[in-house]
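This report concerns only the one structure given below.
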Amino acid sequence: MPKTLFEKIWDEHVVSTPEGQLPLLYIDLHLVHEVTSPQAFDGLRAAGRKVRDTARTVATVDHNVPTEPRGTPILDPIARRQIEALQQNCREFGVRLFDIDSPEQGIVHVIGPELGFTQPGMTIVCGDSHTSTHGAFGSLAFGIGTSEVEHVLATQCLPQRKPKTMLVDVKGKFADGVTAKDLVLGIIGKIGTDGATGHVIEYAGEAIRTLSMEGRMTVCNMSIEAGARAGMIAPDETTFAYIKGRRFAPNGKDWEKAVERWRSLASDPGAKYDAVVETNASELAPFVTWGTNPGMVVPITSRVPDLPANGDRAGVERMLEYMGLEAGTPMQQIRVDRVFIGSCTNSRLEDLRAAARVAKGHKVATGVRAMVVPGSQRIKQAAEQEGLHKIFQEAGFEWRESGCSMCLGMNPDILNPGERCASTSNRNFEGRQGRGGRTHLLSPMMAAAAAIEGHFTDIRNWRFN
Amino acid sequence: MQPFRKHKGKVAPLYRANIDTDQIIPKQFLKRIEKTGFGQFLFNDWRRKPDGSPEPEFPLNQTQYSGASILVAGKNFGCGSSREHAVWALADHGFRAVIAPSFADIFANNCVKNGVLTVVLKENEAEEIARRASTNADYQLSVDLDKCLVSDDKGLTAKFSIDEFTRHCLLEGLDDIGLTLRREAEITSYESRHPVPAAWKS
């Protein structure tokens with residue numbers, strides 16, 4: 001029987017299928033952060049349990065950390081207490097922590113791959129829905145709740161219902177100015193925010209093969225916004241080249257053996273999927289969202305849609321009212337107050353390079369506040385070595401420390417009520433970036449261009465310096 | 001975990017599609033390190049005006065829904081963030097069951113762990129329940145997990161399906177970590193065949 005990439009990893013990791021229960025899946029890597037873990041550690045303590053395998057457990061602080069220069073005190077006492085709780089829990093249970101002052105701190109979904117923990121064929125979980133990011137390496141990676149975090153800490157296993165599979169086949173080539181972000185926004189727009197519920201998506205096809213690991217991570221990252229349990233891409237030479245030499249990657253003889261194993265993971269010819277979606281990269285445009293979920297997306301050359309004649313008319317009215325938009329407004333006429341370049345979707349070196357190329361030699365429009373928040377301290381350092389920070393700063397962007405920042409606004413980086421933000425993050429939900437804030441999702445290049453023009457603009461007509 | 005067998009209670013309607021967990025419990029309340037006390041922040045940004053005063057239009061602020069223990073909502077309820085705080089907030093506020101045409105996967109998993117039942121009904125059934133809850137004062141439903149049946153005293157009945165293991169866990173209020181630990185021999189055997197990567201050992 002030909003198997004999909006997902007089925008190969010699933011089958012390899014089923015520890016037990018007790019009668020009348022769910023299959024028990026072994027978890028190779030458990031990533032932990034400060035927001036969804038304190039109650040899980042409390043649960044362990046209450047039951048007198050230990051962390052079963054500290055070598056497979058990796059923690060960092062990202063959601064709450066301020067992006068002002070490190071060493072700035074955390075003024076929010078509740079946020080500080082949550083960070084201190086993780087520090088204390090990691091000490092007490094012997095978990096490896098990349099702490100706030102570590103040169104390897106960063107967004108959990110950025111540092112996992114960057115440090116070489118994320119590897120093909122693995123099962124990876126984290127108490128965070130964007131764990132789907134790691135599927136870019138051909139791993140099965142999915143977000144879990146805090147009870148499940150406790151379960152994995154205690155047992156290194158998780159009872160799981162076997163999800164269905166969906167193939168998203170992306171033919172064609174990307175046009176200039178069209179990125180991985182536009183691809184995934186286009187897919188979510190096409191299948192809807194619940195289009196992949198209950199499924200693991202495998203992205204395949206010519207266009208996916210041409211993507212860098214950064215681009216693949218962007219695509220897999222937003223799988224959850226289509227409701228998918230996970231997103232995955234079969235590993236190839238691009239994957240192996242990215243992993244090689246990283247601190248926690250296999251080395252020496254282990255490396256050759258690992259690569260040989262990883263090569264066998266690709267879906268077999270003739271493998272069957274429960275659903276298939278086809279799309280063509282060459283038909284995509286740079287996209288911008290207009291509503292309050294990531295499926296509400298249009299090409300930059302388009303307009304805010306009219307109210308639907310039937311269906312959820314009241315829902316769309318509500319969305320437009322929240323967003324302060326009129327149906328029929330050309331997207332390029334919508335002005336922005338804030339710009340956020342960052343998040344586990346788009347804060348990697350390639351994203352920052354793309355945005356800097358747009359910003360170079362321009363100035364942020366009067367009245368716009370624009371922030372660049374690298375995904376990790378390593379990315380920040382690498383970007384500074386290339387002089388990207390100078391380009392941003394000279395253009396009037398703020399250059400900040402790493403963290404989740406304004407993607408969800410748990411730290412001080414938030415929108416004020418009514419402010420409109422061009423954001424490279426993943427969710428445009430009501431209040432996501434601050435109560436009353438209005439978020440539009442788009443690619444790093446499109447965000448940088450919006451900062452400079454003061455409104456959304458088509459990057460395909462940009463004046464690069 | 002509190003078992004769920006049969007529950008009768010007042011229904012609050014919030015019939016909107018795609019209610020995400022950012023709405024159920026906004027991020028400014030995720031910094032607590034306990035599991036308790038989230039109920040007061042449930043749907044905060046919809047329930048309260050920016051100055052903190054109650055938003056009278058919001059169903060949970062209307063006296064006819066006070067004490068509701070069953071929520072009926074539109075499709076894809078609980079999408080977005082994996083935050084279990086959303087379920088803690090619903091449970092702490094007194095909700096034992098949520099009825100919707102569909103739920104996001106992680107949210108539904110989180111509900112099971114906390115003894116909250118997610119009832120998937122057909123779109124027209126869920127909508128009808130929301131309509132009845134909006135138009136009848138003190139509208140009550142019975143949710144019977146033994147029979148997988150929802151009913152009111154005005155002739156409405158609707159069957160729902162749920163996978164057998166989830167049903168069993170809810171009926172018994174099982175601690176599933178305990179269940180997994182019973183597979184210790186198999187886990188150990190698996191681990192001996194799949195050692196920790198050498199580079200990860202500290």
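Identifiers in the structure tokens: chain A, B, ... in order shown; residue index from 1 per chain; ligand index from 1 in order shown.
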
Report as a PDB file with N, CA and C atoms, in the first residue's frame the set of chain B residues whose atoms approach chain A to within 8 Å, with distances computed over only C-alpha atoms.
ATOM      1  N   ARG B  16     -23.048  33.180  15.964  1.00  0.00           N
ATOM      2  CA  ARG B  16     -22.158  33.782  14.977  1.00  0.00           C
ATOM      3  C   ARG B  16     -21.187  32.701  14.531  1.00  0.00           C
ATOM      4  N   ALA B  17     -20.765  32.771  13.259  1.00  0.00           N
ATOM      5  CA  ALA B  17     -19.795  31.799  12.749  1.00  0.00           C
ATOM      6  C   ALA B  17     -18.381  32.209  13.160  1.00  0.00           C
ATOM      7  N   ASN B  18     -17.483  31.219  13.238  1.00  0.00           N
ATOM      8  CA  ASN B  18     -16.046  31.477  13.416  1.00  0.00           C
ATOM      9  C   ASN B  18     -15.719  32.273  14.673  1.00  0.00           C
ATOM     10  N   ASP B  20     -13.632  32.880  17.469  1.00  0.00           N
ATOM     11  CA  ASP B  20     -12.279  32.386  17.737  1.00  0.00           C
ATOM     12  C   ASP B  20     -11.958  32.500  19.226  1.00  0.00           C
ATOM     13  N   ASP B  22      -9.619  33.976  20.635  1.00  0.00           N
ATOM     14  CA  ASP B  22      -9.251  35.343  21.040  1.00  0.00           C
ATOM     15  C   ASP B  22     -10.479  36.106  21.541  1.00  0.00           C
ATOM     16  N   GLN B  23     -11.664  35.786  21.005  1.00  0.00           N
ATOM     17  CA  GLN B  23     -12.890  36.434  21.482  1.00  0.00           C
ATOM     18  C   GLN B  23     -13.340  35.788  22.792  1.00  0.00           C
ATOM     19  N   PRO B  26      -9.848  37.027  25.617  1.00  0.00           N
ATOM     20  CA  PRO B  26      -8.832  37.898  25.010  1.00  0.00           C
ATOM     21  C   PRO B  26      -7.465  37.763  25.688  1.00  0.00           C
ATOM     22  N   LYS B  27      -6.449  38.009  24.908  1.00  0.00           N
ATOM     23  CA  LYS B  27      -5.055  37.735  25.332  1.00  0.00           C
ATOM     24  C   LYS B  27      -4.611  38.441  26.589  1.00  0.00           C
ATOM     25  N   GLN B  28      -5.242  39.593  26.900  1.00  0.00           N
ATOM     26  CA  GLN B  28      -4.770  40.309  28.089  1.00  0.00           C
ATOM     27  C   GLN B  28      -5.032  39.533  29.374  1.00  0.00           C
ATOM     28  N   LEU B  30      -4.429  36.128  29.609  1.00  0.00           N
ATOM     29  CA  LEU B  30      -3.754  34.820  29.538  1.00  0.00           C
ATOM     30  C   LEU B  30      -2.539  34.750  30.439  1.00  0.00           C
ATOM     31  N   LYS B  31      -2.297  35.799  31.198  1.00  0.00           N
ATOM     32  CA  LYS B  31      -1.030  35.839  31.935  1.00  0.00           C
ATOM     33  C   LYS B  31      -1.141  35.183  33.304  1.00  0.00           C
ATOM     34  N   ARG B  32      -2.352  34.819  33.685  1.00  0.00           N
ATOM     35  CA  ARG B  32      -2.512  34.158  34.989  1.00  0.00           C
ATOM     36  C   ARG B  32      -1.871  32.777  34.927  1.00  0.00           C
ATOM     37  N   ILE B  33      -1.314  32.345  36.033  1.00  0.00           N
ATOM     38  CA  ILE B  33      -0.650  31.047  36.026  1.00  0.00           C
ATOM     39  C   ILE B  33      -1.505  29.968  36.695  1.00  0.00           C
ATOM     40  N   GLU B  34      -2.751  30.318  37.016  1.00  0.00           N
ATOM     41  CA  GLU B  34      -3.676  29.341  37.593  1.00  0.00           C
ATOM     42  C   GLU B  34      -4.698  28.946  36.521  1.00  0.00           C
ATOM     43  N   LYS B  35      -5.478  27.883  36.830  1.00  0.00           N
ATOM     44  CA  LYS B  35      -6.538  27.477  35.904  1.00  0.00           C
ATOM     45  C   LYS B  35      -7.867  28.134  36.264  1.00  0.00           C
ATOM     46  N   ASP B  45     -14.185  41.348  25.607  1.00  0.00           N
ATOM     47  CA  ASP B  45     -14.240  42.530  24.736  1.00  0.00           C
ATOM     48  C   ASP B  45     -15.596  42.685  24.052  1.00  0.00           C
ATOM     49  N   ASN B  76     -17.638  26.400  13.279  1.00  0.00           N
ATOM     50  CA  ASN B  76     -16.195  26.614  13.495  1.00  0.00           C
ATOM     51  C   ASN B  76     -15.933  27.319  14.814  1.00  0.00           C
ATOM     52  N   CYS B  79     -12.141  28.462  16.867  1.00  0.00           N
ATOM     53  CA  CYS B  79     -11.000  28.430  15.950  1.00  0.00           C
ATOM     54  C   CYS B  79      -9.892  29.352  16.466  1.00  0.00           C
ATOM     55  N   GLY B  80      -8.712  29.193  15.878  1.00  0.00           N
ATOM     56  CA  GLY B  80      -7.590  30.061  16.232  1.00  0.00           C
ATOM     57  C   GLY B  80      -6.694  29.445  17.288  1.00  0.00           C
ATOM     58  N   SER B  81      -6.305  30.286  18.207  1.00  0.00           N
ATOM     59  CA  SER B  81      -5.297  29.939  19.221  1.00  0.00           C
ATOM     60  C   SER B  81      -5.670  28.685  20.014  1.00  0.00           C
ATOM     61  N   SER B  82      -4.642  27.934  20.430  1.00  0.00           N
ATOM     62  CA  SER B  82      -4.841  26.685  21.172  1.00  0.00           C
ATOM     63  C   SER B  82      -5.155  26.912  22.648  1.00  0.00           C
ATOM     64  N   ARG B  83      -5.184  28.161  23.088  1.00  0.00           N
ATOM     65  CA  ARG B  83      -5.308  28.487  24.512  1.00  0.00           C
ATOM     66  C   ARG B  83      -6.443  27.723  25.202  1.00  0.00           C
ATOM     67  N   GLU B  84      -6.087  26.887  26.153  1.00  0.00           N
ATOM     68  CA  GLU B  84      -7.100  26.140  26.907  1.00  0.00           C
ATOM     69  C   GLU B  84      -7.855  27.077  27.852  1.00  0.00           C
ATOM     70  N   ALA B 104     -13.531  23.833  16.054  1.00  0.00           N
ATOM     71  CA  ALA B 104     -12.118  23.688  15.705  1.00  0.00           C
ATOM     72  C   ALA B 104     -11.526  22.542  16.527  1.00  0.00           C
ATOM     73  N   ASP B 105     -10.560  21.839  15.933  1.00  0.00           N
ATOM     74  CA  ASP B 105     -10.034  20.602  16.532  1.00  0.00           C
ATOM     75  C   ASP B 105      -9.424  20.787  17.924  1.00  0.00           C
ATOM     76  N   ILE B 106      -8.529  21.755  18.056  1.00  0.00           N
ATOM     77  CA  ILE B 106      -7.800  21.879  19.332  1.00  0.00           C
ATOM     78  C   ILE B 106      -8.771  22.275  20.435  1.00  0.00           C
ATOM     79  N   PHE B 107      -9.685  23.189  20.112  1.00  0.00           N
ATOM     80  CA  PHE B 107     -10.679  23.610  21.100  1.00  0.00           C
ATOM     81  C   PHE B 107     -11.509  22.414  21.569  1.00  0.00           C
ATOM     82  N   ASN B 109     -10.711  19.263  21.567  1.00  0.00           N
ATOM     83  CA  ASN B 109      -9.865  18.422  22.430  1.00  0.00           C
ATOM     84  C   ASN B 109      -9.771  19.000  23.836  1.00  0.00           C
ATOM     85  N   ASN B 110      -9.553  20.302  23.903  1.00  0.00           N
ATOM     86  CA  ASN B 110      -9.414  20.960  25.204  1.00  0.00           C
ATOM     87  C   ASN B 110     -10.687  20.823  26.030  1.00  0.00           C
ATOM     88  N   LYS B 113     -10.933  17.512  27.895  1.00  0.00           N
ATOM     89  CA  LYS B 113     -10.032  17.424  29.061  1.00  0.00           C
ATOM     90  C   LYS B 113     -10.616  18.108  30.279  1.00  0.00           C
ATOM     91  N   GLU B 164     -16.570   7.113  20.376  1.00  0.00           N
ATOM     92  CA  GLU B 164     -16.863   6.277  21.536  1.00  0.00           C
ATOM     93  C   GLU B 164     -15.886   6.535  22.680  1.00  0.00           C
ATOM     94  N   PHE B 165     -14.626   6.751  22.358  1.00  0.00           N
ATOM     95  CA  PHE B 165     -13.635   6.942  23.420  1.00  0.00           C
ATOM     96  C   PHE B 165     -13.856   8.268  24.147  1.00  0.00           C
ATOM     97  N   ILE B 177      -4.088  10.895  31.579  1.00  0.00           N
ATOM     98  CA  ILE B 177      -2.659  10.686  31.844  1.00  0.00           C
ATOM     99  C   ILE B 177      -2.490   9.336  32.563  1.00  0.00           C
ATOM    100  N   THR B 180      -2.643   6.595  30.033  1.00  0.00           N
ATOM    101  CA  THR B 180      -1.404   6.462  29.261  1.00  0.00           C
ATOM    102  C   THR B 180      -0.314   5.798  30.103  1.00  0.00           C
ATOM    103  N   LEU B 181      -0.255   6.165  31.370  1.00  0.00           N
ATOM    104  CA  LEU B 181       0.799   5.591  32.218  1.00  0.00           C
ATOM    105  C   LEU B 181       0.645   4.076  32.382  1.00  0.00           C
ATOM    106  N   ARG B 183       0.391   2.206  29.994  1.00  0.00           N
ATOM    107  CA  ARG B 183       1.113   1.633  28.841  1.00  0.00           C
ATOM    108  C   ARG B 183       2.616   1.758  29.036  1.00  0.00           C
ATOM    109  N   GLU B 186       4.998  -0.497  27.124  1.00  0.00           N
ATOM    110  CA  GLU B 186       5.077  -0.242  25.681  1.00  0.00           C
ATOM    111  C   GLU B 186       5.851   1.044  25.384  1.00  0.00           C
ATOM    112  N   ILE B 187       5.668   2.061  26.235  1.00  0.00           N
ATOM    113  CA  ILE B 187       6.403   3.321  26.022  1.00  0.00           C
ATOM    114  C   ILE B 187       7.907   3.068  26.192  1.00  0.00           C
ATOM    115  N   TYR B 190       9.229   1.262  23.250  1.00  0.00           N
ATOM    116  CA  TYR B 190       9.349   2.165  22.100  1.00  0.00           C
ATOM    117  C   TYR B 190      10.607   3.020  22.240  1.00  0.00           C
ATOM    118  N   VAL B 196      16.876   8.974  22.186  1.00  0.00           N
ATOM    119  CA  VAL B 196      16.982  10.434  22.054  1.00  0.00           C
ATOM    120  C   VAL B 196      18.159  10.760  21.140  1.00  0.00           C
ATOM    121  N   PRO B 197      18.005  11.705  20.198  1.00  0.00           N
ATOM    122  CA  PRO B 197      19.145  12.087  19.359  1.00  0.00           C
ATOM    123  C   PRO B 197      20.360  12.458  20.225  1.00  0.00           C
ATOM    124  N   ALA B 198      21.525  11.987  19.785  1.00  0.00           N
ATOM    125  CA  ALA B 198      22.737  12.162  20.595  1.00  0.00           C
ATOM    126  C   ALA B 198      22.988  13.630  20.928  1.00  0.00           C
ATOM    127  N   ALA B 199      22.743  14.511  19.946  1.00  0.00           N
ATOM    128  CA  ALA B 199      23.052  15.934  20.148  1.00  0.00           C
ATOM    129  C   ALA B 199      22.141  16.610  21.173  1.00  0.00           C
ATOM    130  N   TRP B 200      21.045  15.936  21.566  1.00  0.00           N
ATOM    131  CA  TRP B 200      20.101  16.570  22.488  1.00  0.00           C
ATOM    132  C   TRP B 200      20.425  16.290  23.951  1.00  0.00           C
ATOM    133  N   LYS B 201      21.293  15.302  24.159  1.00  0.00           N
ATOM    134  CA  LYS B 201      21.556  14.947  25.555  1.00  0.00           C
ATOM    135  C   LYS B 201      22.373  16.055  26.203  1.00  0.00           C
ATOM    136  N   SER B 202      21.970  16.442  27.388  1.00  0.00           N
ATOM    137  CA  SER B 202      22.694  17.556  28.012  1.00  0.00           C
ATOM    138  C   SER B 202      23.739  17.027  28.973  1.00  0.00           C
TER     139      SER B 202
END

Worksheet item: Got a sec to tell me which of chain B DSSP assigns to strand (DSSP E or B), as an MDAnalysis selection string?
Response: chainID B and resid 6:14 20 48 54 70:73 77 79 97:100 103 117:120 140:144 149:151 157:159

Writing out the chosen residues with N, CA and C atoms as a compact mmCIF listing (two decimals), in the first residue's frame:
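As written to disk, result.txt reads:
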# COMPACT_ATOMS: atom_id res chain seq x y z
N LYS B 6 -25.63 13.56 32.02
CA LYS B 6 -26.86 14.17 31.57
C LYS B 6 -26.91 15.54 32.20
N HIS B 7 -27.29 16.52 31.42
CA HIS B 7 -27.34 17.87 31.96
C HIS B 7 -28.55 18.60 31.43
N LYS B 8 -29.27 19.27 32.31
CA LYS B 8 -30.36 20.14 31.86
C LYS B 8 -30.04 21.55 32.31
N GLY B 9 -30.16 22.50 31.39
CA GLY B 9 -29.84 23.86 31.79
C GLY B 9 -30.33 24.88 30.79
N LYS B 10 -30.17 26.12 31.20
CA LYS B 10 -30.61 27.25 30.38
C LYS B 10 -29.64 27.45 29.21
N VAL B 11 -30.19 27.86 28.07
CA VAL B 11 -29.38 28.02 26.85
C VAL B 11 -29.16 29.50 26.55
N ALA B 12 -27.91 29.86 26.31
CA ALA B 12 -27.59 31.22 25.84
C ALA B 12 -27.19 31.15 24.37
N PRO B 13 -27.80 31.98 23.53
CA PRO B 13 -27.47 31.95 22.10
C PRO B 13 -26.38 32.95 21.75
N LEU B 14 -25.42 32.51 20.93
CA LEU B 14 -24.41 33.42 20.40
C LEU B 14 -24.14 32.93 18.98
N ASP B 20 -13.63 32.88 17.47
CA ASP B 20 -12.28 32.39 17.74
C ASP B 20 -11.96 32.50 19.23
N ARG B 48 -18.00 43.69 27.60
CA ARG B 48 -17.77 44.97 28.28
C ARG B 48 -17.33 46.04 27.31
N PRO B 54 -20.91 47.08 31.34
CA PRO B 54 -21.45 45.99 30.54
C PRO B 54 -22.07 46.48 29.22
N ILE B 70 -25.58 26.17 28.91
CA ILE B 70 -25.39 25.62 27.57
C ILE B 70 -25.30 26.80 26.61
N LEU B 71 -24.25 26.79 25.78
CA LEU B 71 -24.06 27.87 24.81
C LEU B 71 -24.33 27.30 23.43
N VAL B 72 -25.08 28.03 22.61
CA VAL B 72 -25.27 27.58 21.22
C VAL B 72 -24.66 28.65 20.31
N ALA B 73 -23.77 28.18 19.41
CA ALA B 73 -22.98 29.11 18.60
C ALA B 73 -22.94 28.64 17.15
N PHE B 77 -16.70 26.98 15.82
CA PHE B 77 -16.53 27.61 17.13
C PHE B 77 -15.18 27.21 17.73
N CYS B 79 -12.14 28.46 16.87
CA CYS B 79 -11.00 28.43 15.95
C CYS B 79 -9.89 29.35 16.47
N ALA B 97 -21.83 22.64 28.39
CA ALA B 97 -21.89 22.13 27.02
C ALA B 97 -21.96 23.29 26.04
N VAL B 98 -21.38 23.09 24.86
CA VAL B 98 -21.50 24.05 23.77
C VAL B 98 -22.07 23.30 22.57
N ILE B 99 -23.07 23.89 21.94
CA ILE B 99 -23.69 23.30 20.75
C ILE B 99 -23.32 24.16 19.55
N ALA B 100 -22.86 23.54 18.47
CA ALA B 100 -22.52 24.28 17.25
C ALA B 100 -22.51 23.31 16.07
N PHE B 103 -16.77 22.49 15.28
CA PHE B 103 -15.81 23.05 16.23
C PHE B 103 -14.41 22.92 15.65
N LEU B 117 -18.78 19.33 27.25
CA LEU B 117 -19.22 18.56 26.08
C LEU B 117 -19.41 19.48 24.88
N THR B 118 -18.82 19.11 23.75
CA THR B 118 -19.11 19.82 22.50
C THR B 118 -20.11 18.98 21.72
N VAL B 119 -21.25 19.57 21.44
CA VAL B 119 -22.32 18.86 20.74
C VAL B 119 -22.39 19.38 19.31
N VAL B 120 -22.11 18.52 18.34
CA VAL B 120 -22.18 18.93 16.94
C VAL B 120 -23.56 18.58 16.40
N GLN B 140 -34.76 26.03 28.13
CA GLN B 140 -33.89 24.99 28.68
C GLN B 140 -33.74 23.82 27.71
N LEU B 141 -32.60 23.20 27.77
CA LEU B 141 -32.35 22.00 26.98
C LEU B 141 -31.83 20.90 27.91
N SER B 142 -32.13 19.66 27.52
CA SER B 142 -31.49 18.53 28.19
C SER B 142 -30.47 17.93 27.23
N VAL B 143 -29.30 17.67 27.73
CA VAL B 143 -28.27 17.03 26.91
C VAL B 143 -27.93 15.70 27.58
N ASP B 144 -28.21 14.63 26.86
CA ASP B 144 -28.02 13.30 27.42
C ASP B 144 -26.89 12.60 26.67
N LEU B 149 -28.38 12.56 22.83
CA LEU B 149 -29.63 13.20 22.45
C LEU B 149 -29.77 14.55 23.15
N VAL B 150 -30.19 15.55 22.36
CA VAL B 150 -30.52 16.87 22.89
C VAL B 150 -32.03 17.04 22.78
N SER B 151 -32.68 17.54 23.81
CA SER B 151 -34.13 17.72 23.71
C SER B 151 -34.59 18.89 24.57
N THR B 157 -36.10 17.46 19.39
CA THR B 157 -35.09 16.47 19.74
C THR B 157 -34.05 16.43 18.62
N ALA B 158 -32.82 16.22 18.97
CA ALA B 158 -31.76 16.11 17.96
C ALA B 158 -30.71 15.12 18.45
N LYS B 159 -30.37 14.19 17.57
CA LYS B 159 -29.31 13.21 17.89
C LYS B 159 -27.97 13.82 17.53

Worksheet entry | Backbone DSSP call of alpha helix (DSSP H) for stretch 12-105 of chain B, listed as a list in words |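 Alpha helix (DSSP H) members of stretch 12-105 of chain B, listed: Thr21, Asp22, Gln23, Ile24, Asn44, Asp45, Trp46, Arg47, His85, Ala86, Val87, Trp88, Ala89, Leu90, Ala91, Asp92, His93 and Asp105 of chain B.
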
Can you write just those residues out, N, CA and C atoms, as an mmCIF file, in the first residue's frame?
data_model
loop_
_atom_site.group_PDB
_atom_site.id
_atom_site.type_symbol
_atom_site.label_atom_id
_atom_site.label_comp_id
_atom_site.auth_asym_id
_atom_site.auth_seq_id
_atom_site.Cartn_x
_atom_site.Cartn_y
_atom_site.Cartn_z
ATOM 1 N N THR B 21 -10.919 31.798 19.633
ATOM 2 C CA THR B 21 -10.588 31.770 21.063
ATOM 3 C C THR B 21 -10.062 33.114 21.558
ATOM 4 N N ASP B 22 -9.619 33.976 20.635
ATOM 5 C CA ASP B 22 -9.251 35.343 21.040
ATOM 6 C C ASP B 22 -10.479 36.106 21.541
ATOM 7 N N GLN B 23 -11.664 35.786 21.005
ATOM 8 C CA GLN B 23 -12.890 36.434 21.482
ATOM 9 C C GLN B 23 -13.340 35.788 22.792
ATOM 10 N N ILE B 24 -13.218 34.461 22.874
ATOM 11 C CA ILE B 24 -13.698 33.747 24.060
ATOM 12 C C ILE B 24 -12.916 34.220 25.291
ATOM 13 N N ASN B 44 -14.713 38.925 27.133
ATOM 14 C CA ASN B 44 -14.579 40.247 27.750
ATOM 15 C C ASN B 44 -14.825 41.407 26.789
ATOM 16 N N ASP B 45 -14.185 41.348 25.607
ATOM 17 C CA ASP B 45 -14.240 42.530 24.736
ATOM 18 C C ASP B 45 -15.596 42.685 24.052
ATOM 19 N N TRP B 46 -16.402 41.610 24.080
ATOM 20 C CA TRP B 46 -17.773 41.721 23.574
ATOM 21 C C TRP B 46 -18.733 42.053 24.723
ATOM 22 N N ARG B 47 -18.377 41.601 25.903
ATOM 23 C CA ARG B 47 -19.275 41.738 27.050
ATOM 24 C C ARG B 47 -19.186 43.107 27.705
ATOM 25 N N HIS B 85 -7.261 28.251 28.067
ATOM 26 C CA HIS B 85 -7.912 29.278 28.875
ATOM 27 C C HIS B 85 -9.333 29.549 28.386
ATOM 28 N N ALA B 86 -9.579 29.350 27.074
ATOM 29 C CA ALA B 86 -10.919 29.569 26.522
ATOM 30 C C ALA B 86 -11.912 28.597 27.166
ATOM 31 N N VAL B 87 -11.495 27.349 27.315
ATOM 32 C CA VAL B 87 -12.374 26.350 27.937
ATOM 33 C C VAL B 87 -12.482 26.603 29.443
ATOM 34 N N TRP B 88 -11.367 26.946 30.055
ATOM 35 C CA TRP B 88 -11.417 27.259 31.493
ATOM 36 C C TRP B 88 -12.385 28.405 31.755
ATOM 37 N N ALA B 89 -12.398 29.392 30.860
ATOM 38 C CA ALA B 89 -13.285 30.543 31.039
ATOM 39 C C ALA B 89 -14.748 30.118 30.878
ATOM 40 N N LEU B 90 -15.024 29.303 29.862
ATOM 41 C CA LEU B 90 -16.400 28.831 29.655
ATOM 42 C C LEU B 90 -16.860 28.011 30.863
ATOM 43 N N ALA B 91 -16.015 27.088 31.297
ATOM 44 C CA ALA B 91 -16.379 26.205 32.407
ATOM 45 C C ALA B 91 -16.539 27.003 33.698
ATOM 46 N N ASP B 92 -15.628 27.919 33.923
ATOM 47 C CA ASP B 92 -15.652 28.717 35.150
ATOM 48 C C ASP B 92 -16.893 29.617 35.188
ATOM 49 N N HIS B 93 -17.345 30.018 34.009
ATOM 50 C CA HIS B 93 -18.551 30.840 33.933
ATOM 51 C C HIS B 93 -19.804 29.997 34.148
ATOM 52 N N ASP B 105 -10.560 21.839 15.933
ATOM 53 C CA ASP B 105 -10.034 20.602 16.532
ATOM 54 C C ASP B 105 -9.424 20.787 17.924
#

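The coordinates place atom CA of A:Met371 at 19.1 Å from atom CA of A:Gln105.
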
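Distance check against A:Pro69 using only C-alpha atoms: of A:Asn428, A:Gln332, A:Ser402, A:Asn89, the minimum falls on A:Ser402.
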
Discussion item. Report as a VMD selection string all protein, DNA and RNA residues lying within 7 Å of A:Ala395, evaluated on only C-alpha atoms, omitting residues in the same chain fewer than 4 positions from it.
Written reply: chain A and resid 359 to 364 391

Worksheet item: Distance atom CA of A:Ser282-atom CA of A:Gly231, one decimal place?
Response: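 We find that atom CA of A:Ser282 and atom CA of A:Gly231 lie 21.5 Å from each other.
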
Worksheet item: Which is closer to B:Arg131 than all the others in B:Arg167, B:Pro195, B:Tyr15, B:Gly67, using only C-alpha atoms?
Response: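 With only C-alpha atoms as the atom set, the closest residue is B:Tyr15.
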
Worksheet item: Which is closer to A:Val288 than all the others in A:Asp351, A:Asp274, A:Asp62, A:Asp182, using only C-alpha atoms?
Response: A:Asp182

Worksheet item: Do you have the atom CA of A:Phe98-atom CA of A:Val61 distance handy?
Response: 7.2 Å

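Excluding A:Ile341 itself and same-chain residues fewer than 5 positions from it, the residues having an atom within 9 Å of it are Asn346, Ser347, Asp351, Leu352, Ala355, Ala370, Met371, Val372, Val373, Pro374, Ala422, Ser423, Thr424, Ser425, Ser443, Pro444, Ala447 and Ala448 of chain A, counting only C-alpha atoms.
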